[in-house]
Amino acid sequence: MESYQVNQEGYYGPFGGAYIPEILHRCVEELRVNYLRVLESDEFRQEFNALLRDYVGRPSPLYLARRLSRKYGCRIYLKREDLNHTGAHKINNAIGQVLLAQRMGKRRIIAETGAGQHGVATATVCALMGLECVVYMGKTDVERQHVNVERMKMLGARVCAVTSGNMTLKDATNEAIRDWCCHPEDTYYVIGSTVGPHPYPDMVARLQSVISEEIKKQLLLHEGRDYPDYLVACVGGGSNAAGTIYHYLDDERVRIVLAEAGGKGTDTGLSAATIQLGRPGIIHGAKTLLLQDEDGQILEPYSLSAGLDYPGIGPMHANLAAKHRATVYAINDDEALRAAFELTRLEGIIPALESAHALGALEKMRFRPQDVVVLTVSGRGDKDISTYLAHMDGKGGEGASKVDY
Ligand SMILES: *Cc1c(COP(=O)(O)O)cnc(C)c1O
């Protein structure tokens, strides 16, 4: 049987690889020959695991959500990445890559960010390690995500507002790549998701795989078996999903469900549903599915959730969808909002708007009472409160009266 993990050449089926300009070849090659050796060394693992435990607060709980389970007629466990330091799963990856950078002798850290969550995670780890940090962010996003910009500055990072293109994540990524080209000797580029040229998607998936490593142990304690019937996660670039499914990729007993952002609807032109609407192309160094027009120009994605509006998708996930290993649902803005209010009212947990897309997939699925479902709550909703407030009307969950709001 063919594995769904990356192969020797850096491909997941037809997707992945490293399509990079000549000038970056040395940087990416240096990373490729070093990452496995470092990530698998005892010394790295000890420091990484100690920080995940004492600084991030891992293991994150696996929580049996009783009222949500009753509603959907199965046993739903929530993997609580929202309880991590800085409020999401991104810190797992940022810590791992910065530790790797140190071991490669790099003193200057750069990162791209869209909504600012990955920028904050990277700036946090650089503060912790006393490293210089530069974060590239589209000017539009700098204006939209003011609080995260202030957080990064307070943490000591320099935030560069990018004014090319649409001034969003794609343009920030281009600018970060340009910086890396100019400073290959001392600079390490921390990518925030399972995207970019090989070895980034595999490296980020490995660093996030602590999520499924914990799920295995926790499920064994709760259910007496170490695998669920369903794993559910949202997909922007794919890192929280990759972490959730990593140790189950080749275990066909486990069904994988991915939720991408439908935006206002996949037929409206305002969508980020890359798997459903994308065609193969190359973006930021990888061959993957991509929102593009007839001429191959990259289309601007749209989602109410800033963390999900990337025009590409990780090559691992593109392959899982193409091979029908994963079921993919496009969850629209209004469906995600409804799911966020539902979780809040049923369980007292306000999820990130990204995570609410994973919750929105439950509506589309049919369960048997004995089914065990693990759904990753990738982050907390504090950053999305103003969006939730603006959409409060009529979103009362089952049994909740509107007057209560
Ligand atoms: C960034 C982010 C995502 C999307 O990124 P992935 O790499 O697909 O996980 C999802 N949820 C939260 C809370 C995020 O901050």
# chains A, B, ... in the order shown; residues from 1 in each chain; ligands from 1

$ closest_atom_pairs --of "chain A" --to "ligand 1" --cutoff "7 Å" --atoms "only C-alpha atoms and all ligand atoms" --output "JSON lines"
{"residue": "A:Ala88", "atom": "CA", "partner": "ligand 1", "partner_atom_place_in_ligand_line": "13 (C)", "distance": 5.0}
{"residue": "A:His89", "atom": "CA", "partner": "ligand 1", "partner_atom_place_in_ligand_line": "13 (C)", "distance": 6.8}
{"residue": "A:Lys90", "atom": "CA", "partner": "ligand 1", "partner_atom_place_in_ligand_line": "15 (O)", "distance": 6.5}
{"residue": "A:Gln117", "atom": "CA", "partner": "ligand 1", "partner_atom_place_in_ligand_line": "15 (O)", "distance": 5.3}
{"residue": "A:His118", "atom": "CA", "partner": "ligand 1", "partner_atom_place_in_ligand_line": "1 (C)", "distance": 6.5}
{"residue": "A:Gly192", "atom": "CA", "partner": "ligand 1", "partner_atom_place_in_ligand_line": "7 (O)", "distance": 6.6}
{"residue": "A:Ser193", "atom": "CA", "partner": "ligand 1", "partner_atom_place_in_ligand_line": "7 (O)", "distance": 4.1}
{"residue": "A:Thr194", "atom": "CA", "partner": "ligand 1", "partner_atom_place_in_ligand_line": "7 (O)", "distance": 6.1}
{"residue": "A:Cys234", "atom": "CA", "partner": "ligand 1", "partner_atom_place_in_ligand_line": "8 (O)", "distance": 6.3}
{"residue": "A:Val235", "atom": "CA", "partner": "ligand 1", "partner_atom_place_in_ligand_line": "8 (O)", "distance": 4.0}
{"residue": "A:Gly236", "atom": "CA", "partner": "ligand 1", "partner_atom_place_in_ligand_line": "8 (O)", "distance": 3.4}
{"residue": "A:Gly237", "atom": "CA", "partner": "ligand 1", "partner_atom_place_in_ligand_line": "8 (O)", "distance": 4.0}
{"residue": "A:Gly238", "atom": "CA", "partner": "ligand 1", "partner_atom_place_in_ligand_line": "8 (O)", "distance": 3.4}
{"residue": "A:Ser239", "atom": "CA", "partner": "ligand 1", "partner_atom_place_in_ligand_line": "7 (O)", "distance": 3.5}
{"residue": "A:Asn240", "atom": "CA", "partner": "ligand 1", "partner_atom_place_in_ligand_line": "9 (O)", "distance": 3.7}
{"residue": "A:Ala241", "atom": "CA", "partner": "ligand 1", "partner_atom_place_in_ligand_line": "9 (O)", "distance": 6.0}
{"residue": "A:Gly307", "atom": "CA", "partner": "ligand 1", "partner_atom_place_in_ligand_line": "1 (C)", "distance": 4.5}
{"residue": "A:Leu308", "atom": "CA", "partner": "ligand 1", "partner_atom_place_in_ligand_line": "4 (C)", "distance": 5.4}
{"residue": "A:Ala352", "atom": "CA", "partner": "ligand 1", "partner_atom_place_in_ligand_line": "13 (C)", "distance": 5.3}
{"residue": "A:Glu354", "atom": "CA", "partner": "ligand 1", "partner_atom_place_in_ligand_line": "11 (N)", "distance": 4.6}
{"residue": "A:Ser355", "atom": "CA", "partner": "ligand 1", "partner_atom_place_in_ligand_line": "11 (N)", "distance": 5.4}
{"residue": "A:Ser378", "atom": "CA", "partner": "ligand 1", "partner_atom_place_in_ligand_line": "13 (C)", "distance": 4.5}
{"residue": "A:Gly379", "atom": "CA", "partner": "ligand 1", "partner_atom_place_in_ligand_line": "13 (C)", "distance": 3.6}
{"residue": "A:Arg380", "atom": "CA", "partner": "ligand 1", "partner_atom_place_in_ligand_line": "13 (C)", "distance": 6.4}

$ write_last_selection --atoms "N, CA, C and O atoms" --output "CSV table (one decimal), in the first residue's frame"
chain,number,residue,atom,x,y,z
A,88,ALA,N,-3.4,28.9,20.5
A,88,ALA,CA,-3.7,28.1,19.4
A,88,ALA,C,-2.5,27.1,19.2
A,88,ALA,O,-1.6,27.0,20.0
A,89,HIS,N,-2.6,26.2,18.2
A,89,HIS,CA,-1.6,25.2,17.9
A,89,HIS,C,-0.3,25.7,17.4
A,89,HIS,O,0.7,25.1,17.4
A,90,LYS,N,-0.3,27.0,16.8
A,90,LYS,CA,0.8,27.5,16.1
A,90,LYS,C,2.1,27.5,16.9
A,90,LYS,O,3.2,27.4,16.4
A,117,GLN,N,-1.6,35.5,13.8
A,117,GLN,CA,-1.4,34.4,14.8
A,117,GLN,C,-0.1,33.8,14.8
A,117,GLN,O,0.6,33.5,15.8
A,118,HIS,N,0.4,33.4,13.6
A,118,HIS,CA,1.7,32.8,13.4
A,118,HIS,C,2.8,33.8,13.8
A,118,HIS,O,3.8,33.5,14.4
A,192,GLY,N,4.6,29.1,8.8
A,192,GLY,CA,3.6,28.9,9.8
A,192,GLY,C,2.6,27.7,9.5
A,192,GLY,O,1.8,27.4,10.4
A,193,SER,N,2.7,27.0,8.4
A,193,SER,CA,1.8,25.9,8.1
A,193,SER,C,2.5,24.9,7.3
A,193,SER,O,3.6,25.0,6.9
A,194,THR,N,1.7,23.8,6.9
A,194,THR,CA,2.3,22.7,6.1
A,194,THR,C,2.3,23.1,4.7
A,194,THR,O,1.8,22.4,3.8
A,234,CYS,N,-10.1,21.7,10.9
A,234,CYS,CA,-10.2,22.7,9.8
A,234,CYS,C,-8.9,22.8,9.1
A,234,CYS,O,-7.8,22.4,9.6
A,235,VAL,N,-8.9,23.3,7.8
A,235,VAL,CA,-7.7,23.4,7.0
A,235,VAL,C,-7.6,24.8,6.5
A,235,VAL,O,-8.4,25.3,5.7
A,236,GLY,N,-6.5,25.5,6.8
A,236,GLY,CA,-6.1,26.7,6.1
A,236,GLY,C,-5.0,26.3,5.2
A,236,GLY,O,-5.1,26.0,4.1
A,237,GLY,N,-3.8,26.3,5.8
A,237,GLY,CA,-2.6,25.7,5.1
A,237,GLY,C,-2.6,24.2,5.4
A,237,GLY,O,-2.1,23.4,4.7
A,238,GLY,N,-3.1,23.9,6.6
A,238,GLY,CA,-3.2,22.4,7.0
A,238,GLY,C,-2.4,22.0,8.2
A,238,GLY,O,-2.4,20.8,8.4
A,239,SER,N,-1.9,22.9,9.0
A,239,SER,CA,-1.0,22.4,10.1
A,239,SER,C,-1.7,21.7,11.2
A,239,SER,O,-1.3,20.7,11.8
A,240,ASN,N,-2.8,22.3,11.7
A,240,ASN,CA,-3.5,21.7,12.8
A,240,ASN,C,-4.1,20.4,12.4
A,240,ASN,O,-4.1,19.4,13.1
A,241,ALA,N,-4.6,20.3,11.1
A,241,ALA,CA,-5.1,19.1,10.6
A,241,ALA,C,-4.0,18.0,10.5
A,241,ALA,O,-4.2,16.9,10.9
A,307,GLY,N,-7.7,33.3,9.3
A,307,GLY,CA,-6.7,32.2,9.4
A,307,GLY,C,-6.9,31.2,8.3
A,307,GLY,O,-6.0,30.3,8.1
A,308,LEU,N,-8.0,31.3,7.6
A,308,LEU,CA,-8.2,30.2,6.6
A,308,LEU,C,-8.2,30.7,5.1
A,308,LEU,O,-8.3,30.0,4.2
A,352,ALA,N,-12.1,29.6,18.2
A,352,ALA,CA,-11.6,30.4,17.1
A,352,ALA,C,-12.5,30.2,15.9
A,352,ALA,O,-13.1,29.1,15.7
A,354,GLU,N,-11.7,29.9,12.9
A,354,GLU,CA,-11.2,28.8,12.1
A,354,GLU,C,-11.7,27.4,12.6
A,354,GLU,O,-12.2,26.6,11.8
A,355,SER,N,-11.6,27.2,13.9
A,355,SER,CA,-12.0,25.9,14.5
A,355,SER,C,-13.5,25.7,14.3
A,355,SER,O,-14.0,24.6,14.2
A,378,SER,N,-8.7,24.2,17.2
A,378,SER,CA,-7.3,24.7,16.9
A,378,SER,C,-6.9,25.9,17.7
A,378,SER,O,-5.8,26.1,18.0
A,379,GLY,N,-8.0,26.7,18.1
A,379,GLY,CA,-7.6,27.9,18.8
A,379,GLY,C,-8.8,28.5,19.5
A,379,GLY,O,-10.0,28.1,19.3
A,380,ARG,N,-8.6,29.5,20.4
A,380,ARG,CA,-9.6,30.1,21.2
A,380,ARG,C,-10.2,31.3,20.5
A,380,ARG,O,-9.5,31.9,19.6

$ residues_around --residues "region 252-257 of chain A" --least-positions-apart "2" --cutoff "7 Å" --atoms "only C-alpha atoms" --output "list in words"
Tyr227, Pro228, Asp229, Tyr230, Leu231, Val232, Ala233, Tyr248, Asp250, Ala259, Arg325, Ala326, Thr327 and Val328 of chain A

$ write_last_selection --atoms "N, CA, C and O atoms" --output "CSV table (one decimal), in the first residue's frame"
chain,number,residue,atom,x,y,z
A,227,TYR,N,-7.6,4.6,18.8
A,227,TYR,CA,-8.0,5.3,17.5
A,227,TYR,C,-9.5,5.6,17.6
A,227,TYR,O,-10.2,4.9,18.2
A,228,PRO,N,-9.8,6.7,16.9
A,228,PRO,CA,-11.2,7.1,16.8
A,228,PRO,C,-11.8,6.6,15.5
A,228,PRO,O,-11.1,6.0,14.7
A,229,ASP,N,-13.1,6.7,15.3
A,229,ASP,CA,-13.7,6.4,14.0
A,229,ASP,C,-13.6,7.6,13.1
A,229,ASP,O,-13.4,7.4,11.9
A,230,TYR,N,-13.6,8.8,13.6
A,230,TYR,CA,-13.5,10.0,12.8
A,230,TYR,C,-12.5,11.0,13.4
A,230,TYR,O,-12.5,11.2,14.7
A,231,LEU,N,-11.7,11.6,12.6
A,231,LEU,CA,-10.9,12.8,13.0
A,231,LEU,C,-11.4,14.0,12.2
A,231,LEU,O,-11.6,13.9,11.0
A,232,VAL,N,-11.7,15.1,12.9
A,232,VAL,CA,-12.2,16.3,12.2
A,232,VAL,C,-11.3,17.5,12.5
A,232,VAL,O,-11.0,17.7,13.7
A,233,ALA,N,-10.9,18.2,11.5
A,233,ALA,CA,-10.1,19.4,11.7
A,233,ALA,C,-10.3,20.4,10.6
A,233,ALA,O,-10.7,20.0,9.5
A,248,TYR,N,-2.3,8.7,12.2
A,248,TYR,CA,-3.4,7.9,11.7
A,248,TYR,C,-3.5,7.9,10.2
A,248,TYR,O,-4.4,7.3,9.7
A,250,ASP,N,-2.1,6.4,7.8
A,250,ASP,CA,-2.1,5.1,7.0
A,250,ASP,C,-3.0,4.1,7.8
A,250,ASP,O,-2.9,2.9,7.5
A,259,ALA,N,-12.3,20.4,7.0
A,259,ALA,CA,-13.2,21.5,6.8
A,259,ALA,C,-12.4,22.7,6.2
A,259,ALA,O,-11.6,23.2,6.9
A,325,ARG,N,-8.8,9.8,0.5
A,325,ARG,CA,-8.5,9.3,1.9
A,325,ARG,C,-9.2,10.2,2.9
A,325,ARG,O,-9.5,9.8,4.0
A,326,ALA,N,-9.4,11.5,2.5
A,326,ALA,CA,-10.1,12.4,3.4
A,326,ALA,C,-11.4,12.9,2.7
A,326,ALA,O,-11.5,13.0,1.5
A,327,THR,N,-12.4,13.1,3.5
A,327,THR,CA,-13.6,13.7,3.1
A,327,THR,C,-13.5,15.2,3.4
A,327,THR,O,-13.1,15.6,4.5
A,328,VAL,N,-13.8,16.0,2.4
A,328,VAL,CA,-13.6,17.5,2.6
A,328,VAL,C,-14.9,18.2,2.4
A,328,VAL,O,-15.6,18.0,1.4

$ atom_distance --atom1 "CA of Val6 (chain A)" --atom2 "CA of Gly360 (chain A)"
29.1 Å

$ closest_residue --among "A:Tyr310, A:Tyr136, A:Phe367, A:Tyr388" --to "Gly116 (chain A)" --atoms "only C-alpha atoms"
A:Tyr136

$ residues_around --residues "Gly119 (chain A)" --least-positions-apart "3" --cutoff "10 Å" --atoms "only C-alpha atoms" --output "PyMOL selection string"
chain A and resi 90-91+94+110-116+122-124+133-137+148-149+151-152+157+159+190-192

$ select_by_dssp --residues "region 62-310 of chain A" --states "strand (DSSP E)" --output "VMD selection string"
chain A and resid 62 to 64 75 to 80 108 to 113 132 to 138 158 to 162 187 to 190 230 to 234 255 to 263 279 to 283 286 to 290

$ atom_distance --atom1 "CA of Arg32 (chain A)" --atom2 "CA of Ile215 (chain A)"
28.5 Å

$ closest_residue --among "A:Tyr200, A:Asn332, A:Gln292, A:Ala205" --to "Gly263 (chain A)" --atoms "only C-alpha atoms"
A:Asn332

$ residues_around --residues "His222 (chain A)" --least-positions-apart "6" --cutoff "12 Å" --atoms "only C-alpha atoms" --output "VMD selection string"
chain A and resid 61 to 64 75 to 77 215 to 216 228 372 374

$ closest_atom_pairs --of "region 310-402 of chain A" --to "region 270-274 of chain A" --cutoff "9 Å" --atoms "only C-alpha atoms" --output "Markdown table"
| residue | atom | partner | partner_atom | distance |
| --- | --- | --- | --- | --- |
| A:Tyr310 | CA | A:Ala272 | CA | 6.8 |
| A:Pro311 | CA | A:Thr274 | CA | 6.4 |
| A:Gly312 | CA | A:Thr274 | CA | 6.2 |
| A:Ile313 | CA | A:Thr274 | CA | 6.6 |
| A:Ala318 | CA | A:Thr274 | CA | 9.0 |
| A:Tyr329 | CA | A:Ala273 | CA | 8.7 |
| A:Ala330 | CA | A:Ala273 | CA | 5.9 |
| A:Ile331 | CA | A:Ala273 | CA | 8.4 |
| A:Asn332 | CA | A:Ser271 | CA | 8.2 |

$ write_last_selection --atoms "C-alpha atoms" --output "mmCIF file, in the first residue's frame"
data_model
loop_
_atom_site.group_PDB
_atom_site.id
_atom_site.type_symbol
_atom_site.label_atom_id
_atom_site.label_comp_id
_atom_site.auth_asym_id
_atom_site.auth_seq_id
_atom_site.Cartn_x
_atom_site.Cartn_y
_atom_site.Cartn_z
ATOM 1 C CA TYR A 310 -4.837 31.166 1.896
ATOM 2 C CA PRO A 311 -5.172 30.536 -1.883
ATOM 3 C CA GLY A 312 -3.259 27.229 -1.611
ATOM 4 C CA ILE A 313 -3.378 24.177 0.618
ATOM 5 C CA ALA A 318 -4.263 17.968 -1.636
ATOM 6 C CA TYR A 329 -16.437 19.830 3.331
ATOM 7 C CA ALA A 330 -16.571 23.509 2.443
ATOM 8 C CA ILE A 331 -18.109 25.248 5.442
ATOM 9 C CA ASN A 332 -19.540 28.690 4.734
#

$ closest_residue --among "A:Ala101, A:Cys160, A:Met154, A:Leu375" --to "Thr140 (chain A)" --atoms "only C-alpha atoms"
A:Cys160

$ atom_distance --atom1 "CA of Leu52 (chain A)" --atom2 "CA of Glu132 (chain A)"
21.6 Å

$ select_by_dssp --residues "region 52-180 of chain A" --states "alpha helix (DSSP H)" --output "count of residues only"
61

$ residues_around --residues "Tyr19 (chain A)" --least-positions-apart "3" --cutoff "7 Å" --atoms "only C-alpha atoms" --output "NGL selection string"
:A and (197 or 285-286)

$ closest_atom_pairs --of "region 24-50 of chain A" --to "region 167-177 of chain A" --cutoff "12 Å" --atoms "only C-alpha atoms" --output "Markdown table"
| residue | atom | partner | partner_atom | distance |
| --- | --- | --- | --- | --- |
| A:Leu24 | CA | A:Ile177 | CA | 8.5 |
| A:His25 | CA | A:Ile177 | CA | 11.9 |
| A:Cys27 | CA | A:Ile177 | CA | 10.8 |
| A:Val28 | CA | A:Ile177 | CA | 11.1 |

$ write_last_selection --atoms "C-alpha atoms" --output "PDB file, in the first residue's frame"
ATOM      1  CA  LEU A  24      17.187  29.908  -2.495  1.00  0.00           C
ATOM      2  CA  HIS A  25      18.539  26.500  -3.425  1.00  0.00           C
ATOM      3  CA  CYS A  27      18.994  27.599   2.048  1.00  0.00           C
ATOM      4  CA  VAL A  28      16.348  24.990   1.314  1.00  0.00           C
TER       5      VAL A  28
END

$ residues_around --residues "Arg66 (chain A)" --least-positions-apart "4" --cutoff "12 Å" --atoms "only C-alpha atoms" --output "JSON, numbers by chain"
{"A": [70, 71, 72, 73, 74, 75, 76, 77, 78, 343, 346, 347, 348]}

$ closest_residue --among "A:Ala339, A:Leu304, A:Cys182, A:Leu36" --to "Ser386 (chain A)" --atoms "only C-alpha atoms"
A:Leu304

$ closest_residue --among "A:Leu353, A:Leu389, A:Val195, A:Leu359" --to "Phe15 (chain A)" --atoms "only C-alpha atoms"
A:Val195

$ residues_around --residues "Pro59 (chain A)" --least-positions-apart "2" --cutoff "10 Å" --atoms "only C-alpha atoms" --output "JSON, numbers by chain"
{"A": [49, 52, 53, 54, 56, 57, 61, 62, 79, 80, 81, 83, 84, 210, 211, 213, 214, 215, 218]}

$ decode --residues "region 181-214 of chain A" --atoms "N, CA and C atoms" --output "PDB file, in the first residue's frame"
ATOM      1  N   CYS A 181      16.209  35.302   0.578  1.00  0.00           N
ATOM      2  CA  CYS A 181      17.165  35.295  -0.546  1.00  0.00           C
ATOM      3  C   CYS A 181      18.331  36.240  -0.269  1.00  0.00           C
ATOM      4  N   CYS A 182      18.037  37.383   0.397  1.00  0.00           N
ATOM      5  CA  CYS A 182      19.059  38.409   0.622  1.00  0.00           C
ATOM      6  C   CYS A 182      19.963  38.100   1.809  1.00  0.00           C
ATOM      7  N   HIS A 183      19.484  37.292   2.747  1.00  0.00           N
ATOM      8  CA  HIS A 183      20.243  37.012   3.978  1.00  0.00           C
ATOM      9  C   HIS A 183      20.356  35.516   4.238  1.00  0.00           C
ATOM     10  N   PRO A 184      20.849  34.745   3.271  1.00  0.00           N
ATOM     11  CA  PRO A 184      20.840  33.289   3.438  1.00  0.00           C
ATOM     12  C   PRO A 184      21.752  32.788   4.560  1.00  0.00           C
ATOM     13  N   GLU A 185      22.777  33.543   4.910  1.00  0.00           N
ATOM     14  CA  GLU A 185      23.757  33.034   5.877  1.00  0.00           C
ATOM     15  C   GLU A 185      23.234  33.010   7.313  1.00  0.00           C
ATOM     16  N   ASP A 186      22.627  34.145   7.744  1.00  0.00           N
ATOM     17  CA  ASP A 186      22.295  34.259   9.170  1.00  0.00           C
ATOM     18  C   ASP A 186      20.810  34.117   9.465  1.00  0.00           C
ATOM     19  N   THR A 187      19.974  33.971   8.399  1.00  0.00           N
ATOM     20  CA  THR A 187      18.531  34.056   8.598  1.00  0.00           C
ATOM     21  C   THR A 187      17.839  32.708   8.459  1.00  0.00           C
ATOM     22  N   TYR A 188      16.870  32.470   9.336  1.00  0.00           N
ATOM     23  CA  TYR A 188      16.025  31.284   9.250  1.00  0.00           C
ATOM     24  C   TYR A 188      14.586  31.745   9.023  1.00  0.00           C
ATOM     25  N   TYR A 189      13.902  31.121   8.052  1.00  0.00           N
ATOM     26  CA  TYR A 189      12.524  31.490   7.723  1.00  0.00           C
ATOM     27  C   TYR A 189      11.568  30.472   8.355  1.00  0.00           C
ATOM     28  N   VAL A 190      10.797  30.919   9.347  1.00  0.00           N
ATOM     29  CA  VAL A 190       9.814  30.062  10.019  1.00  0.00           C
ATOM     30  C   VAL A 190       8.496  30.147   9.249  1.00  0.00           C
ATOM     31  N   ILE A 191       8.137  29.065   8.540  1.00  0.00           N
ATOM     32  CA  ILE A 191       6.842  29.035   7.846  1.00  0.00           C
ATOM     33  C   ILE A 191       5.794  28.518   8.825  1.00  0.00           C
ATOM     34  N   GLY A 192       4.590  29.099   8.753  1.00  0.00           N
ATOM     35  CA  GLY A 192       3.583  28.863   9.783  1.00  0.00           C
ATOM     36  C   GLY A 192       2.626  27.721   9.534  1.00  0.00           C
ATOM     37  N   SER A 193       2.735  27.045   8.380  1.00  0.00           N
ATOM     38  CA  SER A 193       1.801  25.950   8.125  1.00  0.00           C
ATOM     39  C   SER A 193       2.474  24.886   7.267  1.00  0.00           C
ATOM     40  N   THR A 194       1.712  23.843   6.925  1.00  0.00           N
ATOM     41  CA  THR A 194       2.279  22.739   6.145  1.00  0.00           C
ATOM     42  C   THR A 194       2.305  23.097   4.659  1.00  0.00           C
ATOM     43  N   VAL A 195       2.916  24.233   4.358  1.00  0.00           N
ATOM     44  CA  VAL A 195       3.015  24.721   2.986  1.00  0.00           C
ATOM     45  C   VAL A 195       4.477  25.066   2.691  1.00  0.00           C
ATOM     46  N   GLY A 196       4.731  25.549   1.468  1.00  0.00           N
ATOM     47  CA  GLY A 196       6.095  25.903   1.098  1.00  0.00           C
ATOM     48  C   GLY A 196       6.824  24.702   0.503  1.00  0.00           C
ATOM     49  N   PRO A 197       8.093  24.919   0.107  1.00  0.00           N
ATOM     50  CA  PRO A 197       8.860  23.848  -0.524  1.00  0.00           C
ATOM     51  C   PRO A 197       9.211  22.743   0.475  1.00  0.00           C
ATOM     52  N   HIS A 198       9.382  21.503  -0.010  1.00  0.00           N
ATOM     53  CA  HIS A 198       9.947  20.453   0.821  1.00  0.00           C
ATOM     54  C   HIS A 198      11.279  20.958   1.357  1.00  0.00           C
ATOM     55  N   PRO A 199      11.610  20.819   2.647  1.00  0.00           N
ATOM     56  CA  PRO A 199      10.969  19.927   3.626  1.00  0.00           C
ATOM     57  C   PRO A 199       9.941  20.584   4.535  1.00  0.00           C
ATOM     58  N   TYR A 200       9.533  21.843   4.250  1.00  0.00           N
ATOM     59  CA  TYR A 200       8.646  22.510   5.212  1.00  0.00           C
ATOM     60  C   TYR A 200       7.363  21.730   5.533  1.00  0.00           C
ATOM     61  N   PRO A 201       6.578  21.293   4.538  1.00  0.00           N
ATOM     62  CA  PRO A 201       5.319  20.623   4.909  1.00  0.00           C
ATOM     63  C   PRO A 201       5.554  19.419   5.824  1.00  0.00           C
ATOM     64  N   ASP A 202       6.565  18.628   5.538  1.00  0.00           N
ATOM     65  CA  ASP A 202       6.843  17.460   6.371  1.00  0.00           C
ATOM     66  C   ASP A 202       7.353  17.875   7.748  1.00  0.00           C
ATOM     67  N   MET A 203       8.200  18.889   7.776  1.00  0.00           N
ATOM     68  CA  MET A 203       8.751  19.351   9.052  1.00  0.00           C
ATOM     69  C   MET A 203       7.646  19.896   9.957  1.00  0.00           C
ATOM     70  N   VAL A 204       6.777  20.742   9.400  1.00  0.00           N
ATOM     71  CA  VAL A 204       5.694  21.331  10.208  1.00  0.00           C
ATOM     72  C   VAL A 204       4.737  20.233  10.672  1.00  0.00           C
ATOM     73  N   ALA A 205       4.445  19.269   9.792  1.00  0.00           N
ATOM     74  CA  ALA A 205       3.567  18.158  10.177  1.00  0.00           C
ATOM     75  C   ALA A 205       4.180  17.372  11.339  1.00  0.00           C
ATOM     76  N   ARG A 206       5.487  17.128  11.273  1.00  0.00           N
ATOM     77  CA  ARG A 206       6.154  16.396  12.365  1.00  0.00           C
ATOM     78  C   ARG A 206       6.103  17.168  13.670  1.00  0.00           C
ATOM     79  N   LEU A 207       6.337  18.495  13.594  1.00  0.00           N
ATOM     80  CA  LEU A 207       6.324  19.297  14.825  1.00  0.00           C
ATOM     81  C   LEU A 207       4.921  19.365  15.426  1.00  0.00           C
ATOM     82  N   GLN A 208       3.891  19.345  14.573  1.00  0.00           N
ATOM     83  CA  GLN A 208       2.508  19.372  15.078  1.00  0.00           C
ATOM     84  C   GLN A 208       1.999  17.969  15.428  1.00  0.00           C
ATOM     85  N   SER A 209       2.757  16.939  15.075  1.00  0.00           N
ATOM     86  CA  SER A 209       2.260  15.571  15.274  1.00  0.00           C
ATOM     87  C   SER A 209       2.146  15.208  16.749  1.00  0.00           C
ATOM     88  N   VAL A 210       2.650  16.075  17.621  1.00  0.00           N
ATOM     89  CA  VAL A 210       2.445  15.874  19.061  1.00  0.00           C
ATOM     90  C   VAL A 210       0.941  15.804  19.363  1.00  0.00           C
ATOM     91  N   ILE A 211       0.135  16.445  18.531  1.00  0.00           N
ATOM     92  CA  ILE A 211      -1.327  16.439  18.749  1.00  0.00           C
ATOM     93  C   ILE A 211      -1.870  15.011  18.645  1.00  0.00           C
ATOM     94  N   SER A 212      -1.547  14.305  17.560  1.00  0.00           N
ATOM     95  CA  SER A 212      -2.088  12.943  17.418  1.00  0.00           C
ATOM     96  C   SER A 212      -1.370  11.946  18.325  1.00  0.00           C
ATOM     97  N   GLU A 213      -0.116  12.237  18.657  1.00  0.00           N
ATOM     98  CA  GLU A 213       0.591  11.397  19.629  1.00  0.00           C
ATOM     99  C   GLU A 213      -0.169  11.409  20.966  1.00  0.00           C
ATOM    100  N   GLU A 214      -0.597  12.602  21.371  1.00  0.00           N
ATOM    101  CA  GLU A 214      -1.366  12.720  22.612  1.00  0.00           C
ATOM    102  C   GLU A 214      -2.751  12.103  22.476  1.00  0.00           C
TER     103      GLU A 214
END
